[in-house]
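A.B. asks: The structure that follows is given in the form of structure tokens.
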Protein chains: 4
Amino acid sequence: MMNFLSDNAYGVLPEILAAVAAAGDGTAASYGSDELSHTLEARLAVVFETPVAAFAVISGTAANALALATLCPPHGAIFCHAEAHIAVDECAAPEFFTHGAKLVGIEGGDGKVTPEGLTRALSHFLKGFVHHPQPAVLSLSQPTECGTLYKPDEIAALAAIAHVNGMKVHMDGARFANAIVALGVSAADASWRAGVDVLSFGATKNGAMGAEAVVFFTPADASDFAYRRKKAGHLISKMRFVSAQLVAYLADDLWLRAARTANGLAAKLAGGLSKLPGVTVVHAVEANEVFLRLPSELVLKLRNGGAQFYDWGPPQGEQSVIRLVTSFATPPQDVERFVALANSE
Amino acid sequence: MMNFLSDNAYGVLPEILAAVAAAGDGTAASYGSDELSHTLEARLAVVFETPVAAFAVISGTAANALALATLCPPHGAIFCHAEAHIAVDECAAPEFFTHGAKLVGIEGGDGKVTPEGLTRALSHFLKGFVHHPQPAVLSLSQPTECGTLYKPDEIAALAAIAHVNGMKVHMDGARFANAIVALGVSAADASWRAGVDVLSFGATKNGAMGAEAVVFFTPADASDFAYRRKKAGHLISKMRFVSAQLVAYLADDLWLRAARTANGLAAKLAGGLSKLPGVTVVHAVEANEVFLRLPSELVLKLRNGGAQFYDWGPPQGEQSVIRLVTSFATPPQDVERFVALANSE
Amino acid sequence: MMNFLSDNAYGVLPEILAAVAAAGDGTAASYGSDELSHTLEARLAVVFETPVAAFAVISGTAANALALATLCPPHGAIFCHAEAHIAVDECAAPEFFTHGAKLVGIEGGDGKVTPEGLTRALSHFLKGFVHHPQPAVLSLSQPTECGTLYKPDEIAALAAIAHVNGMKVHMDGARFANAIVALGVSAADASWRAGVDVLSFGATKNGAMGAEAVVFFTPADASDFAYRRKKAGHLISKMRFVSAQLVAYLADDLWLRAARTANGLAAKLAGGLSKLPGVTVVHAVEANEVFLRLPSELVLKLRNGGAQFYDWGPPQGEQSVIRLVTSFATPPQDVERFVALANSE
Amino acid sequence: MMNFLSDNAYGVLPEILAAVAAAGDGTAASYGSDELSHTLEARLAVVFETPVAAFAVISGTAANALALATLCPPHGAIFCHAEAHIAVDECAAPEFFTHGAKLVGIEGGDGKVTPEGLTRALSHFLKGFVHHPQPAVLSLSQPTECGTLYKPDEIAALAAIAHVNGMKVHMDGARFANAIVALGVSAADASWRAGVDVLSFGATKNGAMGAEAVVFFTPADASDFAYRRKKAGHLISKMRFVSAQLVAYLADDLWLRAARTANGLAAKLAGGLSKLPGVTVVHAVEANEVFLRLPSELVLKLRNGGAQFYDWGPPQGEQSVIRLVTSFATPPQDVERFVALANSE
């Protein structure tokens, strides 16, 4: 079975499992007052080269929705790409956590918000006009839902527009590690130095069991986050088991190595398929996701050969678009088998 | 260091850790569609001797608040003991998840709601009167916040009043295992057979890392639970790691054995302290919590000797009330040391 | 001063004022238990030729948001035109009242949702997939935000799609009277007979002081509306003063006469302007709103001459789009003056 | 029919009706941008002898819930008397508007919160402890639900405790006029000079049709009130009809004269009944409400004689407690008839 459904179909990095096992020794303060949880914040400050307020949670939806609710009042508006995960795949969790803020979807090629798109969207929201939700947050997915990347200067250009308009910038970094190793930039350059105010720092898709961190680059912004986390049932009593995952993830560049593995496999997949007749790479393969347009017949052959992956939208005539995701633990031979299968007669 | 602060200060049962490690092998469907998650529901049905709809979450607050929101409309009222965890220790999470339902606290000795107390409280809520939130749920903590237990017939008497008034019955079973081994009754007898409609089935305090199950005994009641869980960020992608904990917890009576250990240690503590001059057992020690009134001087001596525990309320004159909690992993020698210390000159 | 800003810039119909004055005599039961409030429901049943559950409120936003929240769970989705008032002009009130449901905007010419647009939008929401809000309500504005109308069979076609998909149909009838007199159909034909399940029946824009009714054509749908209205602060104690407005509005076809007046004036405006060189009617003038594209220079002349109206979007080059609204009380001579002014050298 | 059910059973003061009629002349800006609405704020500033931010709404529940939500975050706690209207008679509207804040009921004789009661209640809420909602607002009803009054120095003592604890002070002044004429103090002395931060300034019960004002004595506190009002559907389009009521209410001491009338009638009722054998005045009659304990037999006679009033709780043996409310428009002869009836053989 070749599994390219999602990186979260894979298990856990051995180093993280070992850290979880070790975390259970003896007793610890509960509800996030333990040493590992304090260590986590300190480690993130080092990784991001700046003081941060950081909070562990156990899902990306929780990270995103809590971060957004902390920065956006109920009468606020959150701008994001029309296909952003927060807009289409979280059952309107941001609307629930913010108590009814408005999500404003912005169209844009390759999953990316553009300065023009953002400016145009903002033009429909009059400042101080009570009939309109007030612009409060710009949320960017990095990598995007199309597996593409914002370069730091692209982020900076968007963040500048947001900040001029009194908004904060959120980054949904469910696959943040994949982004920065692909860009070859530091975590700081891809986040706060480019204007990001709060980051959903994902680890689950890249080898944790269930651990994400919400990282505020201006700690004062986080003043009521701890209450929101508790009130939403996301402050778990044995938090050390979550923090342990993240601390191990950050140690010895484990997170970057795991992401490099995943990205490398995606590049191999794309390389091995893109020259096939009738196959088109739909979006540039910049991280660990590959979107291909290919004959529906070939899709069938791949599935019959044991490959698992998602259709990306309904088939269009004889053509289908599929998504392939690679992970820290995808067997390299699965990639080879998949490529061979696609290239076979 | 003798830690009696809480059972959640302790780590994880080795069987559960092993199950988590094993759960990471290979790939699995994400977001709760994996085999372990399906197994969990089936296992709970066996344990409870009835078909159930069951959902894993990672905190007791999430279990309680999601269960309550599923059964209580925004204009509903939830009746519970005045000191119930849901009323005083969850930062008003139920009010958030229910979108503003009313929690009605009922006074009662030893942490227990009585039929008289419930009936009196209900008398203030007129059926069909739009100015009053409408009675929707009775929530009982088992064991109570005072470490005492409802016997099945006591639950049944309260549930009967609730049902006659068109309400559902929720049980906060954060320490459900401790309750049933102490009562010597089956899981079914302590829950649905006594009229409980939905149970927050705790495992974290009794040896899991972070795993609770919400168990609906009338599966139709759960029709929108899955959406609520997702919308609240509580559907984690690698759910198999949570379900694995619960499946291991239920296997080979691990949960019951762990609870017996904890309860036994509490009994030893109580036995070793209750005859000391000036020491009173405040509430009957029925599970794994011991509440003592003792001279503040003795409290100081115990702490100086290395014991950790909570004051329960502010000191009253020269007397203090403290809470001691034992767990599946409390070292028996810590109990012995504590008793010896208390009895020393 | 010629005021074409909005119909709500005008005052109150004398019959309605008289009814309000009369309503104050003597004492009455409070909170909607008075006779006038009961009469209102009965009168609406006659007007709509079917039993209804009807509730008076004091704003269109309240009517819409309460109606939507009654029919849409927090995990539901509400489909409407991308420019619908509920989507763009109510500060996300529906998201607040529904506790975070998703509003899905559908593009469509002349402010109208089309069957194709609705079907396409629905295709992005998988039934039973917890990551997607579940389709719950289709909301149609009648007249639309462009002053155009859905014919009964157009409503029926959209409602059929909605119902097949398990959704309810809401109609935002802030100017419902203007619509039915223009269409020349009965209130029933324009609502429940065409598949509408709940109607926000507006009166304020057409001559009331502040009175709207939420009309459920399947009374059982309204089972918790009364609680929602109370909980939102919309059950006023002297409800008779609101109900009196609506009862008077419905008496002797006052509502239809007032709407005919407004529509007639709009037709005159359009007739007197549409043939001017450089002036285009942007949307068919079907009720009491006129959208014109005209030289910005002419806009200036009209304003300098004492006319008030809104630009509809920013000027495009030398051209502007403006909206003119007529009302039950717009002085006919203001229309004449405006037309003359536009036609003057 | 002698109606003592509530002051809101009566109609409207003629001056207010006249003002409403006059407000309809000509055109006006909508949604609260009209001149009358601006005048209202200015008039309230004069009445209260300080700059204010003031907002008209149409119900007391809206006034209270919006004021509380503006001052209390979702993770906050609101302290009030256990019998406060906001706690027991608004279908948990504050919980809805605040997105799940906790209302903490404090027992106290004659409907009054005492400094001791407040201090004791606060002792259960640890500052900065995420498991506890954080004290945010003290809400006082003036007059209380028992018809009694806080003297300015009593308010000041409570407000001092609130402020020291970082809380704001809200006053539910549904019958504020009745309170200040009874106390013989200025509006300022009974509110901000005694430490009140925001006042729900009622007019409906004292002769308006449906008009209340939320008055912030520190205008900066109101920064997002306008959005909350809109989002809750409480910004009505023809706001001038609401503002007109309040402006007329404040003119020429109309509000104070009306309240004096009501209070005077209550005093007469109390005077005429209190000396009857078997009749006890339950709470001091300080404004326009009279609570009496009397033989159930006498209650029956009064009802048979045509009087309407509420039982206040269920009968206790042969005794009942009833509430009588007088208003600006209660016919004095009804009071005389009632007294005569009670005193008849």
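For the structure tokens, the naming scheme is as follows: chains receive sequential letters (A, B, ...) according to their order of presentation, residues are indexed from 1 within each chain, and ligands are indexed from 1 in presentation order.
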What lies within 12 Å of range 305-313 of chain B using only C-alpha atoms, ignoring chain neighbours under 2 positions off, as a ChimeraX atom specification?
C.D. replies: /A:27-29 /B:1-7,9,145-146,282,289-294,296,298-303,315-316,319-326,334-342,344 /D:120,123-126
A.B. asks: Using the selection just defined, write its residues with N, CA and C atoms as a compact mmCIF listing (two decimals), in the first residue's frame.
C.D. replies:
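Now in part06.txt:
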# COMPACT_ATOMS: atom_id res chain seq x y z
N THR A 27 6.43 12.60 38.94
CA THR A 27 5.26 13.47 38.96
C THR A 27 5.61 14.81 38.33
N ALA A 28 4.59 15.53 37.95
CA ALA A 28 4.81 16.86 37.36
C ALA A 28 3.61 17.73 37.67
N ALA A 29 3.85 19.00 37.66
CA ALA A 29 2.73 19.93 37.82
C ALA A 29 1.80 19.75 36.63
N MET B 1 9.92 13.32 47.80
CA MET B 1 8.71 14.12 47.54
C MET B 1 7.48 13.22 47.51
N MET B 2 6.54 13.49 48.39
CA MET B 2 5.29 12.72 48.39
C MET B 2 4.21 13.59 47.75
N ASN B 3 3.76 13.14 46.58
CA ASN B 3 2.84 13.98 45.82
C ASN B 3 1.39 13.51 45.93
N PHE B 4 0.59 14.28 46.66
CA PHE B 4 -0.84 13.97 46.79
C PHE B 4 -1.69 15.12 46.22
N LEU B 5 -1.07 15.90 45.34
CA LEU B 5 -1.79 17.06 44.78
C LEU B 5 -2.98 16.62 43.94
N SER B 6 -2.71 15.70 43.05
CA SER B 6 -3.79 15.22 42.19
C SER B 6 -3.33 13.95 41.51
N ASP B 7 -4.27 13.13 41.10
CA ASP B 7 -3.90 11.94 40.34
C ASP B 7 -3.31 12.33 38.99
N ALA B 9 -1.08 14.38 38.50
CA ALA B 9 0.34 14.70 38.63
C ALA B 9 1.20 13.50 38.24
N GLU B 145 -17.06 15.97 43.96
CA GLU B 145 -15.90 16.82 44.25
C GLU B 145 -15.41 16.64 45.69
N CYS B 146 -16.20 15.94 46.49
CA CYS B 146 -15.79 15.64 47.86
C CYS B 146 -15.29 14.21 47.99
N VAL B 282 -13.24 14.70 56.80
CA VAL B 282 -14.33 15.64 56.50
C VAL B 282 -15.46 14.98 55.73
N GLU B 289 -9.87 10.00 47.12
CA GLU B 289 -9.62 11.34 47.65
C GLU B 289 -9.90 11.36 49.15
N VAL B 290 -9.03 12.04 49.87
CA VAL B 290 -9.15 12.12 51.32
C VAL B 290 -9.18 13.59 51.73
N PHE B 291 -10.25 13.98 52.39
CA PHE B 291 -10.36 15.36 52.89
C PHE B 291 -10.24 15.32 54.40
N LEU B 292 -9.28 16.03 54.91
CA LEU B 292 -9.03 16.02 56.35
C LEU B 292 -9.07 17.42 56.93
N ARG B 293 -9.63 17.52 58.12
CA ARG B 293 -9.47 18.75 58.91
C ARG B 293 -8.43 18.44 59.96
N LEU B 294 -7.43 19.30 60.04
CA LEU B 294 -6.34 19.01 60.98
C LEU B 294 -5.68 20.31 61.40
N SER B 296 -3.36 23.37 61.70
CA SER B 296 -2.51 24.00 60.69
C SER B 296 -1.04 23.70 60.96
N LEU B 298 0.13 20.90 62.01
CA LEU B 298 0.42 19.59 61.43
C LEU B 298 0.58 19.69 59.91
N VAL B 299 -0.23 20.54 59.30
CA VAL B 299 -0.11 20.77 57.86
C VAL B 299 1.30 21.24 57.52
N LEU B 300 1.78 22.16 58.33
CA LEU B 300 3.11 22.70 58.12
C LEU B 300 4.17 21.61 58.23
N LYS B 301 4.01 20.78 59.26
CA LYS B 301 4.98 19.71 59.46
C LYS B 301 5.00 18.76 58.27
N LEU B 302 3.82 18.45 57.76
CA LEU B 302 3.73 17.52 56.63
C LEU B 302 4.42 18.11 55.40
N ARG B 303 4.18 19.40 55.19
CA ARG B 303 4.80 20.03 54.02
C ARG B 303 6.31 20.12 54.20
N PRO B 315 -7.50 28.52 55.70
CA PRO B 315 -7.48 28.01 57.08
C PRO B 315 -8.54 28.69 57.93
N GLN B 316 -9.11 27.94 58.84
CA GLN B 316 -10.10 28.49 59.76
C GLN B 316 -9.50 28.44 61.15
N GLN B 319 -7.12 25.59 62.40
CA GLN B 319 -7.44 24.37 61.66
C GLN B 319 -7.38 24.60 60.15
N SER B 320 -7.01 23.58 59.45
CA SER B 320 -7.03 23.64 57.98
C SER B 320 -7.74 22.42 57.44
N VAL B 321 -8.29 22.57 56.25
CA VAL B 321 -8.81 21.40 55.54
C VAL B 321 -7.89 21.16 54.35
N ILE B 322 -7.46 19.94 54.20
CA ILE B 322 -6.59 19.61 53.06
C ILE B 322 -7.21 18.46 52.26
N ARG B 323 -6.74 18.39 51.00
CA ARG B 323 -7.17 17.27 50.15
C ARG B 323 -5.96 16.45 49.77
N LEU B 324 -6.07 15.16 49.90
CA LEU B 324 -5.02 14.24 49.46
C LEU B 324 -5.61 13.35 48.37
N VAL B 325 -4.92 13.25 47.26
CA VAL B 325 -5.39 12.38 46.19
C VAL B 325 -4.34 11.32 45.93
N THR B 326 -4.79 10.10 45.81
CA THR B 326 -3.87 9.01 45.45
C THR B 326 -4.17 8.59 44.02
N ASP B 334 5.26 6.12 49.75
CA ASP B 334 4.94 7.53 50.03
C ASP B 334 3.77 7.62 51.01
N VAL B 335 2.82 6.74 50.83
CA VAL B 335 1.69 6.72 51.75
C VAL B 335 2.17 6.36 53.16
N GLU B 336 3.02 5.35 53.20
CA GLU B 336 3.55 4.94 54.51
C GLU B 336 4.36 6.07 55.16
N ARG B 337 5.20 6.70 54.37
CA ARG B 337 6.01 7.80 54.90
C ARG B 337 5.13 8.93 55.42
N PHE B 338 4.10 9.20 54.63
CA PHE B 338 3.20 10.30 55.01
C PHE B 338 2.51 9.99 56.33
N VAL B 339 2.01 8.78 56.47
CA VAL B 339 1.32 8.38 57.69
C VAL B 339 2.29 8.42 58.87
N ALA B 340 3.49 7.92 58.62
CA ALA B 340 4.49 7.92 59.69
C ALA B 340 4.84 9.33 60.12
N LEU B 341 4.99 10.18 59.13
CA LEU B 341 5.32 11.58 59.41
C LEU B 341 4.22 12.24 60.26
N ALA B 342 3.00 11.97 59.87
CA ALA B 342 1.88 12.57 60.60
C ALA B 342 1.81 12.05 62.03
N SER B 344 4.36 11.00 63.76
CA SER B 344 5.61 11.20 64.50
C SER B 344 5.45 12.34 65.51
N ARG D 120 -16.90 37.77 50.10
CA ARG D 120 -16.89 36.31 50.23
C ARG D 120 -16.97 35.66 48.84
N SER D 123 -13.77 35.72 47.02
CA SER D 123 -12.71 34.87 47.56
C SER D 123 -12.63 33.52 46.84
N HIS D 124 -13.67 33.15 46.11
CA HIS D 124 -13.63 31.89 45.38
C HIS D 124 -13.03 32.01 43.99
N PHE D 125 -12.63 33.21 43.63
CA PHE D 125 -12.10 33.42 42.28
C PHE D 125 -10.66 33.90 42.37
N LEU D 126 -9.75 33.00 42.02
CA LEU D 126 -8.34 33.35 42.14
C LEU D 126 -7.88 34.13 40.91
A.B. asks: Mind checking which residues fall within 9 Å of range 187-195 of chain C, counting only C-alpha atoms, ignoring those fewer than 6 positions away in the same chain, and posting them as number ranges by chain?
C.D. replies: C: 47-50, 150-160, 163, 168-169, 171, 176-177, 179-180, 217
A.B. asks: What are the closest atom pairs, with distances in Å to one decimal, for each residue of chain D lying within 10 Å of chain B, using only C-alpha atoms, rows by chain and rising residue number, as a Markdown table?
C.D. replies:
| residue | atom | partner | partner_atom | distance |
| --- | --- | --- | --- | --- |
| D:Pro74 | CA | B:Phe96 | CA | 7.7 |
| D:His75 | CA | B:Cys91 | CA | 6.4 |
| D:Gly76 | CA | B:Cys91 | CA | 8.3 |
| D:Ala77 | CA | B:Ala92 | CA | 8.9 |
| D:His85 | CA | B:His131 | CA | 9.7 |
| D:Ala87 | CA | B:Lys102 | CA | 9.0 |
| D:Val88 | CA | B:His132 | CA | 6.7 |
| D:Asp89 | CA | B:His131 | CA | 4.9 |
| D:Glu90 | CA | B:His131 | CA | 5.1 |
| D:Cys91 | CA | B:His132 | CA | 4.7 |
| D:Ala92 | CA | B:Lys102 | CA | 6.0 |
| D:Ala93 | CA | B:Gly100 | CA | 7.4 |
| D:Pro94 | CA | B:Gly100 | CA | 7.8 |
| D:Glu95 | CA | B:Gly100 | CA | 4.4 |
| D:Phe96 | CA | B:Gly100 | CA | 4.3 |
| D:Phe97 | CA | B:Gly100 | CA | 7.9 |
| D:Thr98 | CA | B:Gly100 | CA | 8.1 |
| D:His99 | CA | B:Phe96 | CA | 5.9 |
| D:Gly100 | CA | B:Phe96 | CA | 4.3 |
| D:Ala101 | CA | B:Ala92 | CA | 6.5 |
| D:Lys102 | CA | B:Ala92 | CA | 6.0 |
| D:Leu103 | CA | B:Lys102 | CA | 8.8 |
| D:Gly105 | CA | B:Gly105 | CA | 9.9 |
| D:Ser123 | CA | B:Pro314 | CA | 9.3 |
| D:His124 | CA | B:Gly313 | CA | 8.6 |
| D:Phe125 | CA | B:Val88 | CA | 8.9 |
| D:Phe129 | CA | B:Cys91 | CA | 9.1 |
| D:Val130 | CA | B:Cys91 | CA | 6.6 |
| D:His131 | CA | B:Cys91 | CA | 4.8 |
| D:His132 | CA | B:Cys91 | CA | 4.6 |
| D:Pro133 | CA | B:Cys91 | CA | 4.7 |
| D:Gln134 | CA | B:Cys91 | CA | 8.3 |
| D:Gly313 | CA | B:His124 | CA | 8.7 |
| D:Pro314 | CA | B:Ser123 | CA | 9.4 |
A.B. asks: I'd like to know which residues of range 235-291 of chain C are alpha helix (DSSP H) (by DSSP, run on the backbone); could you write them as an mmCIF file with N, CA, C and O atoms, in the first residue's frame?
C.D. replies:
data_model
loop_
_atom_site.group_PDB
_atom_site.id
_atom_site.type_symbol
_atom_site.label_atom_id
_atom_site.label_comp_id
_atom_site.auth_asym_id
_atom_site.auth_seq_id
_atom_site.Cartn_x
_atom_site.Cartn_y
_atom_site.Cartn_z
ATOM 1 N N ARG C 240 -47.140 45.442 22.647
ATOM 2 C CA ARG C 240 -48.337 45.918 21.935
ATOM 3 C C ARG C 240 -48.036 47.086 21.003
ATOM 4 O O ARG C 240 -48.695 47.252 19.984
ATOM 5 N N PHE C 241 -47.031 47.891 21.354
ATOM 6 C CA PHE C 241 -46.729 49.037 20.493
ATOM 7 C C PHE C 241 -46.053 48.607 19.182
ATOM 8 O O PHE C 241 -46.083 49.332 18.199
ATOM 9 N N VAL C 242 -45.436 47.470 19.187
ATOM 10 C CA VAL C 242 -44.860 46.940 17.949
ATOM 11 C C VAL C 242 -45.931 46.205 17.151
ATOM 12 O O VAL C 242 -46.095 46.421 15.949
ATOM 13 N N SER C 243 -46.675 45.357 17.855
ATOM 14 C CA SER C 243 -47.724 44.602 17.166
ATOM 15 C C SER C 243 -48.757 45.536 16.544
ATOM 16 O O SER C 243 -49.270 45.276 15.451
ATOM 17 N N ALA C 244 -49.061 46.622 17.255
ATOM 18 C CA ALA C 244 -50.043 47.576 16.736
ATOM 19 C C ALA C 244 -49.619 48.114 15.373
ATOM 20 O O ALA C 244 -50.451 48.318 14.478
ATOM 21 N N GLN C 245 -48.340 48.360 15.224
ATOM 22 C CA GLN C 245 -47.852 48.861 13.936
ATOM 23 C C GLN C 245 -48.139 47.856 12.822
ATOM 24 O O GLN C 245 -48.592 48.225 11.731
ATOM 25 N N LEU C 246 -47.858 46.610 13.115
ATOM 26 C CA LEU C 246 -48.003 45.585 12.078
ATOM 27 C C LEU C 246 -49.468 45.305 11.776
ATOM 28 O O LEU C 246 -49.846 45.076 10.618
ATOM 29 N N VAL C 247 -50.303 45.330 12.806
ATOM 30 C CA VAL C 247 -51.733 45.108 12.572
ATOM 31 C C VAL C 247 -52.296 46.234 11.705
ATOM 32 O O VAL C 247 -53.049 45.982 10.746
ATOM 33 N N ALA C 248 -51.913 47.450 12.005
ATOM 34 C CA ALA C 248 -52.389 48.574 11.191
ATOM 35 C C ALA C 248 -51.829 48.507 9.774
ATOM 36 O O ALA C 248 -52.505 48.838 8.791
ATOM 37 N N TYR C 249 -50.618 48.071 9.681
ATOM 38 C CA TYR C 249 -49.948 47.960 8.380
ATOM 39 C C TYR C 249 -50.701 47.014 7.445
ATOM 40 O O TYR C 249 -50.834 47.248 6.249
ATOM 41 N N LEU C 250 -51.216 45.946 8.045
ATOM 42 C CA LEU C 250 -51.908 44.928 7.248
ATOM 43 C C LEU C 250 -53.367 45.281 6.972
ATOM 44 O O LEU C 250 -54.004 44.682 6.099
ATOM 45 N N LEU C 254 -53.232 48.666 3.593
ATOM 46 C CA LEU C 254 -52.341 49.817 3.744
ATOM 47 C C LEU C 254 -50.938 49.508 3.231
ATOM 48 O O LEU C 254 -50.321 50.312 2.532
ATOM 49 N N TRP C 255 -50.439 48.334 3.596
ATOM 50 C CA TRP C 255 -49.085 47.955 3.203
ATOM 51 C C TRP C 255 -48.925 47.890 1.690
ATOM 52 O O TRP C 255 -47.898 48.326 1.154
ATOM 53 N N LEU C 256 -49.975 47.402 1.010
ATOM 54 C CA LEU C 256 -49.876 47.265 -0.448
ATOM 55 C C LEU C 256 -49.981 48.636 -1.113
ATOM 56 O O LEU C 256 -49.262 48.933 -2.074
ATOM 57 N N ARG C 257 -50.835 49.467 -0.565
ATOM 58 C CA ARG C 257 -50.977 50.819 -1.130
ATOM 59 C C ARG C 257 -49.684 51.608 -0.968
ATOM 60 O O ARG C 257 -49.225 52.291 -1.900
ATOM 61 N N ALA C 258 -49.108 51.504 0.201
ATOM 62 C CA ALA C 258 -47.863 52.240 0.436
ATOM 63 C C ALA C 258 -46.769 51.766 -0.523
ATOM 64 O O ALA C 258 -46.002 52.568 -1.083
ATOM 65 N N ALA C 259 -46.710 50.468 -0.714
ATOM 66 C CA ALA C 259 -45.679 49.924 -1.603
ATOM 67 C C ALA C 259 -45.917 50.336 -3.047
ATOM 68 O O ALA C 259 -44.975 50.641 -3.788
ATOM 69 N N ARG C 260 -47.192 50.372 -3.427
ATOM 70 C CA ARG C 260 -47.491 50.803 -4.816
ATOM 71 C C ARG C 260 -47.021 52.241 -5.047
ATOM 72 O O ARG C 260 -46.500 52.579 -6.098
ATOM 73 N N THR C 261 -47.259 53.069 -4.039
ATOM 74 C CA THR C 261 -46.800 54.452 -4.133
ATOM 75 C C THR C 261 -45.290 54.507 -4.372
ATOM 76 O O THR C 261 -44.797 55.184 -5.290
ATOM 77 N N ALA C 262 -44.572 53.781 -3.548
ATOM 78 C CA ALA C 262 -43.110 53.801 -3.657
ATOM 79 C C ALA C 262 -42.664 53.272 -5.017
ATOM 80 O O ALA C 262 -41.812 53.875 -5.692
ATOM 81 N N ASN C 263 -43.226 52.154 -5.409
ATOM 82 C CA ASN C 263 -42.825 51.571 -6.698
ATOM 83 C C ASN C 263 -43.135 52.516 -7.854
ATOM 84 O O ASN C 263 -42.346 52.655 -8.794
ATOM 85 N N GLY C 264 -44.302 53.158 -7.777
ATOM 86 C CA GLY C 264 -44.695 54.073 -8.851
ATOM 87 C C GLY C 264 -43.709 55.221 -8.987
ATOM 88 O O GLY C 264 -43.356 55.628 -10.108
ATOM 89 N N LEU C 265 -43.251 55.712 -7.868
ATOM 90 C CA LEU C 265 -42.293 56.814 -7.916
ATOM 91 C C LEU C 265 -40.965 56.356 -8.495
ATOM 92 O O LEU C 265 -40.296 57.106 -9.228
ATOM 93 N N ALA C 266 -40.589 55.149 -8.176
ATOM 94 C CA ALA C 266 -39.337 54.626 -8.734
ATOM 95 C C ALA C 266 -39.455 54.497 -10.248
ATOM 96 O O ALA C 266 -38.515 54.834 -11.000
ATOM 97 N N ALA C 267 -40.599 54.034 -10.670
ATOM 98 C CA ALA C 267 -40.799 53.895 -12.114
ATOM 99 C C ALA C 267 -40.722 55.260 -12.791
ATOM 100 O O ALA C 267 -40.138 55.408 -13.877
ATOM 101 N N LYS C 268 -41.287 56.248 -12.137
ATOM 102 C CA LYS C 268 -41.225 57.608 -12.700
ATOM 103 C C LYS C 268 -39.797 58.103 -12.772
ATOM 104 O O LYS C 268 -39.383 58.717 -13.770
ATOM 105 N N LEU C 269 -39.071 57.875 -11.728
ATOM 106 C CA LEU C 269 -37.657 58.279 -11.720
ATOM 107 C C LEU C 269 -36.919 57.618 -12.874
ATOM 108 O O LEU C 269 -36.203 58.283 -13.644
ATOM 109 N N ALA C 270 -37.101 56.331 -12.977
ATOM 110 C CA ALA C 270 -36.390 55.592 -14.023
ATOM 111 C C ALA C 270 -36.821 56.083 -15.394
ATOM 112 O O ALA C 270 -35.986 56.323 -16.289
ATOM 113 N N GLY C 271 -38.135 56.264 -15.550
ATOM 114 C CA GLY C 271 -38.648 56.727 -16.846
ATOM 115 C C GLY C 271 -38.091 58.090 -17.211
ATOM 116 O O GLY C 271 -37.757 58.353 -18.367
ATOM 117 N N GLY C 272 -37.976 58.946 -16.238
ATOM 118 C CA GLY C 272 -37.543 60.302 -16.505
ATOM 119 C C GLY C 272 -36.050 60.444 -16.701
ATOM 120 O O GLY C 272 -35.562 61.511 -17.111
ATOM 121 N N LEU C 273 -35.312 59.410 -16.377
ATOM 122 C CA LEU C 273 -33.857 59.519 -16.450
ATOM 123 C C LEU C 273 -33.235 58.599 -17.483
ATOM 124 O O LEU C 273 -32.139 58.873 -17.999
#
A.B. asks: How many Å separate CA of Ala54 in chain B from CA of Asn165 in chain B?
C.D. replies: 25.7 Å
A.B. asks: Which residue is closest to Gly202 in chain B? Choose from B:Gly60, B:Gly111, B:Pro295, B:Pro331 and count only C-alpha atoms.
C.D. replies: B:Gly60
A.B. asks: Residues of range 42-173 of chain A classed as strand (DSSP E or B) by DSSP on the backbone are to be reported as a PyMOL selection string.
C.D. replies: chain A and resi 53-57+76-81+102-106+134-141+168-173
A.B. asks: Please compute the CA of Ser327 in chain D-CA of Ala22 in chain C distance, one decimal, in Å.
C.D. replies: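 Taking CA of Ser327 in chain D and CA of Ala22 in chain C, their separation equals 19.0 Å.
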A.B. asks: One decimal, Å: what's the distance from CA of Gly26 in chain A over to CA of Gly11 in chain A, could you say?
C.D. replies: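 If I compute the distance from CA of Gly26 in chain A to CA of Gly11 in chain A, I get 26.1 Å.
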